[in-house]
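Participant: Take a look at coords-v9.txt, compact mmCIF, N, CA and C atoms:
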# COMPACT_ATOMS: atom_id res chain seq x y z
N MET A 29 -56.33 6.39 85.71
CA MET A 29 -57.04 6.15 86.97
C MET A 29 -57.77 4.81 86.88
N ASP A 30 -57.80 4.11 88.01
CA ASP A 30 -58.53 2.85 88.07
C ASP A 30 -60.03 3.11 88.01
N GLU A 31 -60.74 2.17 87.37
CA GLU A 31 -62.20 2.27 87.30
C GLU A 31 -62.83 1.26 88.25
N VAL A 32 -63.74 1.75 89.08
CA VAL A 32 -64.42 0.92 90.08
C VAL A 32 -65.92 1.08 89.89
N THR A 33 -66.63 -0.04 89.99
CA THR A 33 -68.10 -0.02 89.96
C THR A 33 -68.59 -0.37 91.35
N ILE A 34 -69.55 0.42 91.83
CA ILE A 34 -70.11 0.20 93.17
C ILE A 34 -71.63 0.13 93.06
N TYR A 35 -72.19 -0.90 93.67
CA TYR A 35 -73.65 -0.99 93.84
C TYR A 35 -73.94 -0.81 95.32
N THR A 36 -75.00 -0.07 95.65
CA THR A 36 -75.32 0.16 97.05
C THR A 36 -76.82 0.03 97.27
N ASP A 37 -77.19 -0.26 98.52
CA ASP A 37 -78.60 -0.25 98.90
C ASP A 37 -78.70 -0.08 100.41
N GLY A 38 -79.80 0.52 100.83
CA GLY A 38 -80.11 0.65 102.23
C GLY A 38 -81.51 0.12 102.48
N ALA A 39 -81.76 -0.31 103.69
CA ALA A 39 -83.09 -0.84 104.03
C ALA A 39 -83.40 -0.49 105.48
N CYS A 40 -84.68 -0.41 105.77
CA CYS A 40 -85.10 -0.12 107.13
C CYS A 40 -86.33 -0.96 107.44
N SER A 41 -86.40 -1.44 108.67
CA SER A 41 -87.57 -2.17 109.13
C SER A 41 -88.35 -1.20 110.00
N GLY A 42 -89.27 -0.49 109.36
CA GLY A 42 -89.88 0.68 110.00
C GLY A 42 -89.02 1.87 109.59
N ASN A 43 -89.57 3.06 109.58
CA ASN A 43 -88.80 4.22 109.13
C ASN A 43 -89.20 5.42 109.99
N PRO A 44 -88.56 5.68 111.13
CA PRO A 44 -87.30 5.07 111.59
C PRO A 44 -87.51 3.69 112.22
N GLY A 45 -86.37 2.99 112.34
CA GLY A 45 -86.34 1.67 112.92
C GLY A 45 -84.98 1.07 112.70
N PRO A 46 -84.84 -0.24 112.94
CA PRO A 46 -83.56 -0.89 112.67
C PRO A 46 -83.28 -0.85 111.16
N GLY A 47 -82.04 -0.52 110.81
CA GLY A 47 -81.70 -0.39 109.40
C GLY A 47 -80.40 -1.08 109.06
N GLY A 48 -80.26 -1.35 107.77
CA GLY A 48 -79.03 -1.96 107.28
C GLY A 48 -78.65 -1.39 105.93
N TRP A 49 -77.39 -1.57 105.58
CA TRP A 49 -76.91 -1.12 104.28
C TRP A 49 -75.99 -2.20 103.72
N GLY A 50 -75.88 -2.21 102.41
CA GLY A 50 -74.99 -3.15 101.75
C GLY A 50 -74.38 -2.51 100.53
N ALA A 51 -73.17 -2.95 100.18
CA ALA A 51 -72.51 -2.43 98.98
C ALA A 51 -71.63 -3.52 98.39
N ILE A 52 -71.50 -3.46 97.09
CA ILE A 52 -70.58 -4.34 96.36
C ILE A 52 -69.64 -3.44 95.57
N LEU A 53 -68.34 -3.63 95.79
CA LEU A 53 -67.33 -2.91 95.02
C LEU A 53 -66.72 -3.88 94.03
N MET A 54 -66.59 -3.44 92.78
CA MET A 54 -66.02 -4.29 91.73
C MET A 54 -64.88 -3.56 91.03
N TYR A 55 -63.74 -4.22 91.01
CA TYR A 55 -62.56 -3.69 90.34
C TYR A 55 -61.94 -4.83 89.55
N LYS A 56 -61.88 -4.66 88.23
CA LYS A 56 -61.43 -5.74 87.34
C LYS A 56 -62.23 -6.99 87.68
N ASP A 57 -61.60 -8.09 88.08
CA ASP A 57 -62.37 -9.30 88.38
C ASP A 57 -62.51 -9.54 89.88
N ILE A 58 -62.27 -8.49 90.67
CA ILE A 58 -62.37 -8.60 92.14
C ILE A 58 -63.69 -7.99 92.59
N LYS A 59 -64.40 -8.71 93.47
CA LYS A 59 -65.65 -8.22 94.05
C LYS A 59 -65.53 -8.24 95.56
N LYS A 60 -65.93 -7.15 96.19
CA LYS A 60 -65.90 -7.10 97.66
C LYS A 60 -67.28 -6.67 98.14
N GLU A 61 -67.84 -7.44 99.07
CA GLU A 61 -69.14 -7.11 99.65
C GLU A 61 -68.94 -6.58 101.06
N ILE A 62 -69.65 -5.49 101.38
CA ILE A 62 -69.60 -4.93 102.73
C ILE A 62 -71.02 -4.62 103.17
N SER A 63 -71.24 -4.60 104.48
CA SER A 63 -72.56 -4.25 104.99
C SER A 63 -72.45 -3.86 106.46
N GLY A 64 -73.52 -3.26 106.95
CA GLY A 64 -73.57 -2.87 108.35
C GLY A 64 -74.98 -2.44 108.70
N GLY A 65 -75.19 -2.11 109.97
CA GLY A 65 -76.54 -1.71 110.38
C GLY A 65 -76.52 -0.81 111.59
N GLN A 66 -77.67 -0.22 111.85
CA GLN A 66 -77.87 0.62 113.04
C GLN A 66 -79.23 0.28 113.63
N LYS A 67 -79.31 0.34 114.96
CA LYS A 67 -80.55 -0.05 115.64
C LYS A 67 -81.71 0.92 115.41
N ASN A 68 -81.43 2.21 115.32
CA ASN A 68 -82.50 3.19 115.15
C ASN A 68 -82.08 4.22 114.11
N THR A 69 -82.62 4.09 112.92
CA THR A 69 -82.17 4.93 111.81
C THR A 69 -83.29 5.08 110.80
N THR A 70 -82.98 5.68 109.66
CA THR A 70 -83.96 5.81 108.58
C THR A 70 -83.40 5.19 107.30
N ASN A 71 -84.30 4.94 106.39
CA ASN A 71 -83.92 4.37 105.10
C ASN A 71 -82.90 5.28 104.40
N ASN A 72 -83.15 6.59 104.40
CA ASN A 72 -82.24 7.52 103.72
C ASN A 72 -80.85 7.52 104.33
N VAL A 73 -80.77 7.43 105.66
CA VAL A 73 -79.46 7.36 106.31
C VAL A 73 -78.72 6.10 105.85
N MET A 74 -79.43 5.00 105.75
CA MET A 74 -78.79 3.75 105.32
C MET A 74 -78.35 3.82 103.86
N GLU A 75 -79.15 4.46 103.01
CA GLU A 75 -78.76 4.63 101.60
C GLU A 75 -77.48 5.45 101.50
N LEU A 76 -77.41 6.55 102.24
CA LEU A 76 -76.21 7.39 102.25
C LEU A 76 -75.01 6.66 102.82
N THR A 77 -75.22 5.94 103.91
CA THR A 77 -74.13 5.23 104.57
C THR A 77 -73.52 4.19 103.65
N ALA A 78 -74.34 3.50 102.87
CA ALA A 78 -73.83 2.49 101.95
C ALA A 78 -72.83 3.10 100.97
N VAL A 79 -73.18 4.25 100.41
CA VAL A 79 -72.29 4.92 99.44
C VAL A 79 -71.02 5.41 100.13
N ILE A 80 -71.18 6.02 101.30
CA ILE A 80 -70.04 6.56 102.04
C ILE A 80 -69.06 5.44 102.41
N GLU A 81 -69.57 4.37 102.98
CA GLU A 81 -68.68 3.27 103.42
C GLU A 81 -67.97 2.63 102.23
N ALA A 82 -68.64 2.52 101.11
CA ALA A 82 -68.00 1.95 99.92
C ALA A 82 -66.87 2.86 99.43
N LEU A 83 -67.15 4.15 99.32
CA LEU A 83 -66.13 5.10 98.84
C LEU A 83 -64.95 5.18 99.80
N LYS A 84 -65.21 5.02 101.10
CA LYS A 84 -64.12 5.09 102.09
C LYS A 84 -63.10 3.96 101.90
N LEU A 85 -63.50 2.89 101.26
CA LEU A 85 -62.58 1.76 101.05
C LEU A 85 -61.58 2.01 99.91
N LEU A 86 -61.85 2.98 99.06
CA LEU A 86 -60.95 3.24 97.93
C LEU A 86 -59.68 3.93 98.44
N LYS A 87 -58.54 3.36 98.06
CA LYS A 87 -57.26 3.81 98.62
C LYS A 87 -56.64 4.99 97.88
N HIS A 88 -57.09 5.25 96.66
CA HIS A 88 -56.58 6.39 95.89
C HIS A 88 -57.69 6.86 94.94
N PRO A 89 -57.54 8.06 94.36
CA PRO A 89 -58.59 8.56 93.47
C PRO A 89 -58.87 7.60 92.32
N CYS A 90 -60.16 7.36 92.08
CA CYS A 90 -60.60 6.42 91.06
C CYS A 90 -61.73 7.04 90.24
N ILE A 91 -61.99 6.43 89.09
CA ILE A 91 -63.19 6.72 88.31
C ILE A 91 -64.24 5.75 88.83
N VAL A 92 -65.32 6.27 89.40
CA VAL A 92 -66.29 5.42 90.08
C VAL A 92 -67.68 5.58 89.48
N SER A 93 -68.30 4.45 89.19
CA SER A 93 -69.71 4.42 88.78
C SER A 93 -70.49 3.83 89.95
N ILE A 94 -71.41 4.63 90.51
CA ILE A 94 -72.21 4.19 91.65
C ILE A 94 -73.64 3.93 91.17
N TYR A 95 -74.08 2.70 91.37
CA TYR A 95 -75.43 2.29 91.01
C TYR A 95 -76.26 2.19 92.28
N SER A 96 -77.36 2.94 92.33
CA SER A 96 -78.22 2.95 93.52
C SER A 96 -79.67 3.02 93.08
N ASP A 97 -80.55 2.40 93.87
CA ASP A 97 -81.98 2.53 93.59
C ASP A 97 -82.60 3.68 94.40
N SER A 98 -81.74 4.45 95.08
CA SER A 98 -82.22 5.56 95.91
C SER A 98 -82.31 6.86 95.12
N ALA A 99 -83.53 7.28 94.81
CA ALA A 99 -83.71 8.56 94.12
C ALA A 99 -83.14 9.69 94.98
N TYR A 100 -83.25 9.56 96.29
CA TYR A 100 -82.75 10.56 97.25
C TYR A 100 -81.25 10.80 97.02
N VAL A 101 -80.48 9.74 96.95
CA VAL A 101 -79.03 9.87 96.77
C VAL A 101 -78.69 10.30 95.34
N VAL A 102 -79.23 9.59 94.37
CA VAL A 102 -78.87 9.84 92.97
C VAL A 102 -79.29 11.24 92.52
N ASN A 103 -80.53 11.62 92.83
CA ASN A 103 -81.03 12.93 92.38
C ASN A 103 -80.32 14.10 93.06
N ALA A 104 -79.83 13.90 94.28
CA ALA A 104 -79.10 14.97 94.95
C ALA A 104 -77.89 15.39 94.12
N PHE A 105 -77.29 14.44 93.41
CA PHE A 105 -76.15 14.75 92.55
C PHE A 105 -76.59 15.10 91.13
N LEU A 106 -77.44 14.27 90.53
CA LEU A 106 -77.82 14.48 89.13
C LEU A 106 -78.63 15.76 88.94
N GLN A 107 -79.46 16.10 89.93
CA GLN A 107 -80.29 17.31 89.81
C GLN A 107 -79.68 18.49 90.57
N LYS A 108 -78.43 18.31 91.00
CA LYS A 108 -77.65 19.40 91.61
C LYS A 108 -78.24 19.94 92.91
N TRP A 109 -79.02 19.11 93.62
CA TRP A 109 -79.57 19.57 94.90
C TRP A 109 -78.45 19.95 95.84
N ILE A 110 -77.38 19.16 95.87
CA ILE A 110 -76.31 19.42 96.85
C ILE A 110 -75.64 20.77 96.61
N ILE A 111 -75.54 21.18 95.36
CA ILE A 111 -74.95 22.49 95.05
C ILE A 111 -75.84 23.60 95.63
N ASN A 112 -77.14 23.46 95.41
CA ASN A 112 -78.08 24.46 95.94
C ASN A 112 -78.11 24.45 97.46
N TRP A 113 -78.07 23.27 98.06
CA TRP A 113 -78.06 23.20 99.52
C TRP A 113 -76.85 23.94 100.09
N GLN A 114 -75.71 23.74 99.48
CA GLN A 114 -74.50 24.40 99.97
C GLN A 114 -74.61 25.92 99.78
N LYS A 115 -75.10 26.34 98.62
CA LYS A 115 -75.27 27.77 98.35
C LYS A 115 -76.25 28.41 99.34
N ASN A 116 -77.28 27.64 99.73
CA ASN A 116 -78.34 28.15 100.60
C ASN A 116 -78.09 27.81 102.07
N ASN A 117 -76.80 27.62 102.43
CA ASN A 117 -76.42 27.35 103.82
C ASN A 117 -77.17 26.14 104.39
N TRP A 118 -77.23 25.08 103.58
CA TRP A 118 -77.84 23.80 103.97
C TRP A 118 -79.32 23.93 104.30
N LYS A 119 -80.00 24.74 103.48
CA LYS A 119 -81.45 24.84 103.54
C LYS A 119 -82.02 24.29 102.23
N THR A 120 -83.19 23.66 102.32
CA THR A 120 -83.86 23.17 101.11
C THR A 120 -84.52 24.35 100.41
N SER A 121 -85.08 24.08 99.23
CA SER A 121 -85.79 25.15 98.51
C SER A 121 -86.98 25.65 99.32
N GLY A 122 -87.50 24.82 100.22
CA GLY A 122 -88.59 25.23 101.11
C GLY A 122 -88.10 25.86 102.40
N LYS A 123 -86.82 26.22 102.47
CA LYS A 123 -86.19 26.89 103.62
C LYS A 123 -86.09 26.00 104.87
N GLU A 124 -86.25 24.69 104.69
CA GLU A 124 -86.08 23.75 105.80
C GLU A 124 -84.60 23.36 105.89
N ASP A 125 -84.18 22.93 107.09
CA ASP A 125 -82.83 22.40 107.22
C ASP A 125 -82.72 21.11 106.41
N VAL A 126 -81.61 20.94 105.71
CA VAL A 126 -81.37 19.70 104.97
C VAL A 126 -81.15 18.58 105.99
N LYS A 127 -81.89 17.51 105.83
CA LYS A 127 -81.72 16.36 106.73
C LYS A 127 -80.43 15.62 106.39
N ASN A 128 -79.81 15.05 107.39
CA ASN A 128 -78.60 14.23 107.21
C ASN A 128 -77.41 15.05 106.68
N LYS A 129 -77.35 16.31 107.06
CA LYS A 129 -76.33 17.24 106.57
C LYS A 129 -74.91 16.68 106.74
N GLU A 130 -74.61 16.11 107.91
CA GLU A 130 -73.24 15.62 108.16
C GLU A 130 -72.89 14.49 107.20
N LEU A 131 -73.87 13.61 106.92
CA LEU A 131 -73.62 12.53 105.97
C LEU A 131 -73.42 13.07 104.56
N TRP A 132 -74.23 14.04 104.16
CA TRP A 132 -74.07 14.67 102.85
C TRP A 132 -72.68 15.33 102.73
N GLN A 133 -72.25 16.01 103.80
CA GLN A 133 -70.95 16.67 103.76
C GLN A 133 -69.83 15.65 103.61
N GLU A 134 -69.94 14.53 104.32
CA GLU A 134 -68.93 13.48 104.20
C GLU A 134 -68.94 12.90 102.78
N LEU A 135 -70.14 12.69 102.24
CA LEU A 135 -70.25 12.14 100.89
C LEU A 135 -69.69 13.11 99.85
N ILE A 136 -69.94 14.39 100.02
CA ILE A 136 -69.40 15.39 99.08
C ILE A 136 -67.88 15.36 99.11
N THR A 137 -67.30 15.30 100.30
CA THR A 137 -65.84 15.22 100.42
C THR A 137 -65.31 14.00 99.67
N LEU A 138 -65.96 12.86 99.85
CA LEU A 138 -65.52 11.63 99.18
C LEU A 138 -65.70 11.72 97.66
N THR A 139 -66.81 12.29 97.22
CA THR A 139 -67.02 12.38 95.77
C THR A 139 -66.06 13.38 95.13
N ASN A 140 -65.57 14.33 95.90
CA ASN A 140 -64.58 15.28 95.36
C ASN A 140 -63.21 14.64 95.21
N THR A 141 -62.97 13.53 95.92
CA THR A 141 -61.69 12.81 95.82
C THR A 141 -61.63 11.98 94.54
N HIS A 142 -62.80 11.53 94.09
CA HIS A 142 -62.89 10.63 92.95
C HIS A 142 -63.68 11.28 91.83
N LYS A 143 -63.64 10.66 90.65
CA LYS A 143 -64.49 11.09 89.54
C LYS A 143 -65.70 10.16 89.57
N VAL A 144 -66.80 10.64 90.17
CA VAL A 144 -67.95 9.80 90.46
C VAL A 144 -69.12 10.09 89.53
N THR A 145 -69.72 9.03 89.04
CA THR A 145 -70.96 9.12 88.28
C THR A 145 -72.02 8.31 89.02
N PHE A 146 -73.19 8.90 89.23
CA PHE A 146 -74.29 8.21 89.87
C PHE A 146 -75.26 7.72 88.81
N ILE A 147 -75.68 6.47 88.93
CA ILE A 147 -76.62 5.87 87.99
C ILE A 147 -77.78 5.29 88.79
N LYS A 148 -79.00 5.69 88.43
CA LYS A 148 -80.20 5.19 89.12
C LYS A 148 -80.59 3.84 88.52
N VAL A 149 -80.80 2.86 89.39
CA VAL A 149 -81.30 1.56 88.94
C VAL A 149 -82.67 1.33 89.56
N LYS A 150 -83.46 0.53 88.92
CA LYS A 150 -84.79 0.20 89.43
C LYS A 150 -84.63 -0.79 90.58
N GLY A 151 -85.20 -0.45 91.72
CA GLY A 151 -85.09 -1.32 92.89
C GLY A 151 -85.96 -2.56 92.76
N HIS A 152 -85.53 -3.63 93.37
CA HIS A 152 -86.29 -4.88 93.44
C HIS A 152 -86.72 -5.35 92.05
N ALA A 153 -85.82 -5.18 91.09
CA ALA A 153 -86.10 -5.62 89.72
C ALA A 153 -85.15 -6.78 89.40
N ASP A 154 -84.60 -6.77 88.21
CA ASP A 154 -83.80 -7.92 87.78
C ASP A 154 -82.30 -7.63 87.78
N ASN A 155 -81.88 -6.61 88.53
CA ASN A 155 -80.44 -6.32 88.58
C ASN A 155 -79.83 -7.15 89.71
N GLU A 156 -79.00 -8.13 89.35
CA GLU A 156 -78.49 -9.07 90.36
C GLU A 156 -77.66 -8.38 91.44
N PHE A 157 -76.91 -7.35 91.08
CA PHE A 157 -76.05 -6.69 92.08
C PHE A 157 -76.88 -5.83 93.02
N ASN A 158 -77.89 -5.14 92.49
CA ASN A 158 -78.78 -4.36 93.35
C ASN A 158 -79.54 -5.29 94.29
N ASN A 159 -80.00 -6.41 93.77
CA ASN A 159 -80.72 -7.38 94.60
C ASN A 159 -79.80 -7.95 95.69
N ARG A 160 -78.54 -8.18 95.35
CA ARG A 160 -77.60 -8.70 96.34
C ARG A 160 -77.35 -7.65 97.44
N CYS A 161 -77.23 -6.37 97.05
CA CYS A 161 -77.05 -5.31 98.06
C CYS A 161 -78.26 -5.23 98.99
N ASP A 162 -79.45 -5.39 98.42
CA ASP A 162 -80.66 -5.41 99.23
C ASP A 162 -80.61 -6.56 100.23
N GLU A 163 -80.16 -7.71 99.77
CA GLU A 163 -80.02 -8.88 100.65
C GLU A 163 -79.00 -8.62 101.76
N LEU A 164 -77.87 -8.01 101.41
CA LEU A 164 -76.85 -7.66 102.40
C LEU A 164 -77.42 -6.71 103.45
N ALA A 165 -78.17 -5.71 103.00
CA ALA A 165 -78.76 -4.72 103.91
C ALA A 165 -79.77 -5.39 104.85
N ARG A 166 -80.61 -6.25 104.29
CA ARG A 166 -81.63 -6.92 105.11
C ARG A 166 -80.99 -7.90 106.10
N ASN A 167 -79.93 -8.55 105.68
CA ASN A 167 -79.21 -9.45 106.59
C ASN A 167 -78.55 -8.67 107.73
N ALA A 168 -78.08 -7.46 107.42
CA ALA A 168 -77.47 -6.61 108.45
C ALA A 168 -78.50 -6.23 109.51
N ILE A 169 -79.76 -6.03 109.08
CA ILE A 169 -80.82 -5.72 110.05
C ILE A 169 -81.04 -6.94 110.96
N LYS A 170 -81.09 -8.13 110.36
CA LYS A 170 -81.29 -9.35 111.15
C LYS A 170 -80.16 -9.53 112.16
N ASP A 171 -78.93 -9.17 111.74
CA ASP A 171 -77.75 -9.33 112.61
C ASP A 171 -77.77 -8.39 113.82
N LEU A 172 -78.62 -7.36 113.79
CA LEU A 172 -78.72 -6.43 114.92
C LEU A 172 -79.39 -7.07 116.12
N ASN A 173 -80.22 -8.07 115.87
CA ASN A 173 -81.00 -8.70 116.94
C ASN A 173 -80.17 -9.67 117.75
Translate this file's structure into structure tokens.
Facilitator:
Amino acid sequence: MDEVTIYTDGACSGNPGPGGWGAILMYKDIKKEISGGQKNTTNNVMELTAVIEALKLLKHPCIVSIYSDSAYVVNAFLQKWIINWQKNNWKTSGKEDVKNKELWQELITLTNTHKVTFIKVKGHADNEFNNRCDELARNAIKDLN
């Protein structure tokens, strides 16, 4: 299986407010940058969208390492929140409806297609690819105007 590295980030100007997302896909020596935005959204929606849009570009099952500074996205997989949400009919441990359920369901479908590992990176630190994704996301917000 091909190995792909993906960096993602989401940003929001106000929460909710105009938001953007950015991702970098790396395969061998090829790098592809993608981004987009929405006029009225949340930071978490943009974080999820970045991962979803990146995975949607993969044409066949791959071994994927996803680097994100979003504890929301990374911990949902690493701490098995998504398994519990599904078992509990999309309710949180506090019996609340899971927010962004449709996006989570789409992401679960995509992660089941590939062998995905999520890696948490420190945001706004010295990781050039995470910083570039942040820049892509912020530029996407500017492009909404």
Participant: Could you name the residues that touch Ala51 in chain A at 6 Å or less, counting only N, CA and C atoms, but leaving out those on the same chain fewer than 3 positions away, as a ChimeraX atom specification?
Facilitator: /A:35-37,60-63,78,161
Participant: Using only N, CA and C atoms, find the one residue out of A:Leu83, A:Leu106, A:Trp49, A:Lys115 that sits nearest to Thr139 in chain A.
Facilitator: A:Leu83
Participant: Pick the closest to Asp171 in chain A from A:Lys67, A:Lys87, A:Lys150, A:Lys119: which is it, counting only C-alpha atoms?
Facilitator: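 Checking each of A:Lys67, A:Lys87, A:Lys150, A:Lys119 against Asp171 in chain A, counting only C-alpha atoms, the winner is A:Lys67.
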Participant: Using only C-alpha atoms for the distances, tell me which of A:Ser96, A:Ile58, A:Asn72, A:Gln66 is nearest to Val149 in chain A.
Facilitator: A:Ser96
Participant: Nearest residue to Ser98 in chain A out of A:Glu75, A:Thr70, A:Ala39, A:Val144, using only N, CA and C atoms?
Facilitator: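 Once distances to Ser98 in chain A are computed over only N, CA and C atoms, the minimum belongs to A:Glu75.
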Participant: Mind checking which residues fall within 12 Å of His88 in chain A, counting only C-alpha atoms, ignoring those fewer than 3 positions away in the same chain, and posting them as a list in words?
Facilitator: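 Listed by chain and then number, they are Met29, Asp30, Glu31, Val32, Leu83, Lys84, Leu85, Ile91, Val92, Leu138, Asn140, Thr141, His142 and Lys143 of chain A.
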Participant: For N, CA and C atoms, I'd like the residues from the last selection saved as a short mmCIF file (atom, residue, chain, number, x, y, z; two decimals), keeping the file's coordinate frame.
Facilitator:
data_model
loop_
_atom_site.label_atom_id
_atom_site.label_comp_id
_atom_site.auth_asym_id
_atom_site.auth_seq_id
_atom_site.Cartn_x
_atom_site.Cartn_y
_atom_site.Cartn_z
N MET A 29 -56.33 6.39 85.71
CA MET A 29 -57.04 6.15 86.97
C MET A 29 -57.77 4.81 86.88
N ASP A 30 -57.80 4.11 88.01
CA ASP A 30 -58.53 2.85 88.07
C ASP A 30 -60.03 3.11 88.01
N GLU A 31 -60.74 2.17 87.37
CA GLU A 31 -62.20 2.27 87.30
C GLU A 31 -62.83 1.26 88.25
N VAL A 32 -63.74 1.75 89.08
CA VAL A 32 -64.42 0.92 90.08
C VAL A 32 -65.92 1.08 89.89
N LEU A 83 -67.15 4.15 99.32
CA LEU A 83 -66.13 5.10 98.84
C LEU A 83 -64.95 5.18 99.80
N LYS A 84 -65.21 5.02 101.10
CA LYS A 84 -64.12 5.09 102.09
C LYS A 84 -63.10 3.96 101.90
N LEU A 85 -63.50 2.89 101.26
CA LEU A 85 -62.58 1.76 101.05
C LEU A 85 -61.58 2.01 99.91
N ILE A 91 -61.99 6.43 89.09
CA ILE A 91 -63.19 6.72 88.31
C ILE A 91 -64.24 5.75 88.83
N VAL A 92 -65.32 6.27 89.40
CA VAL A 92 -66.29 5.42 90.08
C VAL A 92 -67.68 5.58 89.48
N LEU A 138 -65.96 12.86 99.85
CA LEU A 138 -65.52 11.63 99.18
C LEU A 138 -65.70 11.72 97.66
N ASN A 140 -65.57 14.33 95.90
CA ASN A 140 -64.58 15.28 95.36
C ASN A 140 -63.21 14.64 95.21
N THR A 141 -62.97 13.53 95.92
CA THR A 141 -61.69 12.81 95.82
C THR A 141 -61.63 11.98 94.54
N HIS A 142 -62.80 11.53 94.09
CA HIS A 142 -62.89 10.63 92.95
C HIS A 142 -63.68 11.28 91.83
N LYS A 143 -63.64 10.66 90.65
CA LYS A 143 -64.49 11.09 89.54
C LYS A 143 -65.70 10.16 89.57
#
Participant: In Å, rounded to a single decimal, give me how far atom C of Ser93 in chain A is from CA of Ile34 in chain A.
Facilitator: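 About the pair CA of Ile34 in chain A and atom C of Ser93 in chain A: they are 4.9 Å apart.
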Participant: How many Å lie between CA of Thr137 in chain A and CA of Asn155 in chain A, rounded to one decimal?
Facilitator: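 Computing the Euclidean distance for CA of Thr137 in chain A and CA of Asn155 in chain A yields 28.6 Å.
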Participant: Could you check the closest approach to Gly64 in chain A for each of A:Asn173, A:Asn128, A:Asn167, A:Asn116 and tell me which residue wins, using only C-alpha atoms?
Facilitator: A:Asn167
Participant: Around the point (-83.3, -6.5, 108.4) in the file's coordinates, collect all residues with an atom within 8 Å, using only N, CA and C atoms, and return them as an MDAnalysis selection string.
Facilitator: chainID A and resid 39:41 46:48 164:172
Participant: Give me, please, the distance in Å between CA of Ile52 in chain A and atom C of Ala153 in chain A, quoted to one decimal.
Facilitator: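 These two atoms are separated by 16.3 Å.
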Participant: Taking the chain letters and numbering used in this document, name the residues of range 43-135 of chain A that DSSP puts in strand (DSSP E), as an MDAnalysis selection string.
Facilitator: chainID A and resid 45:55 58:69 91:96
Participant: Please, which residues of chain A, numbered as in this document, come out alpha helix (DSSP H) from DSSP, as a ChimeraX atom specification?
Facilitator: /A:71-84,99-106,109-115,129-141,156-172
Participant: Considering only C-alpha atoms, state which residue in the set A:Asp125, A:Cys90, A:Lys148, A:Trp118 is at the smallest distance from Phe105 in chain A.
Facilitator: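 Of all the options, A:Lys148 lies closest to Phe105 in chain A.
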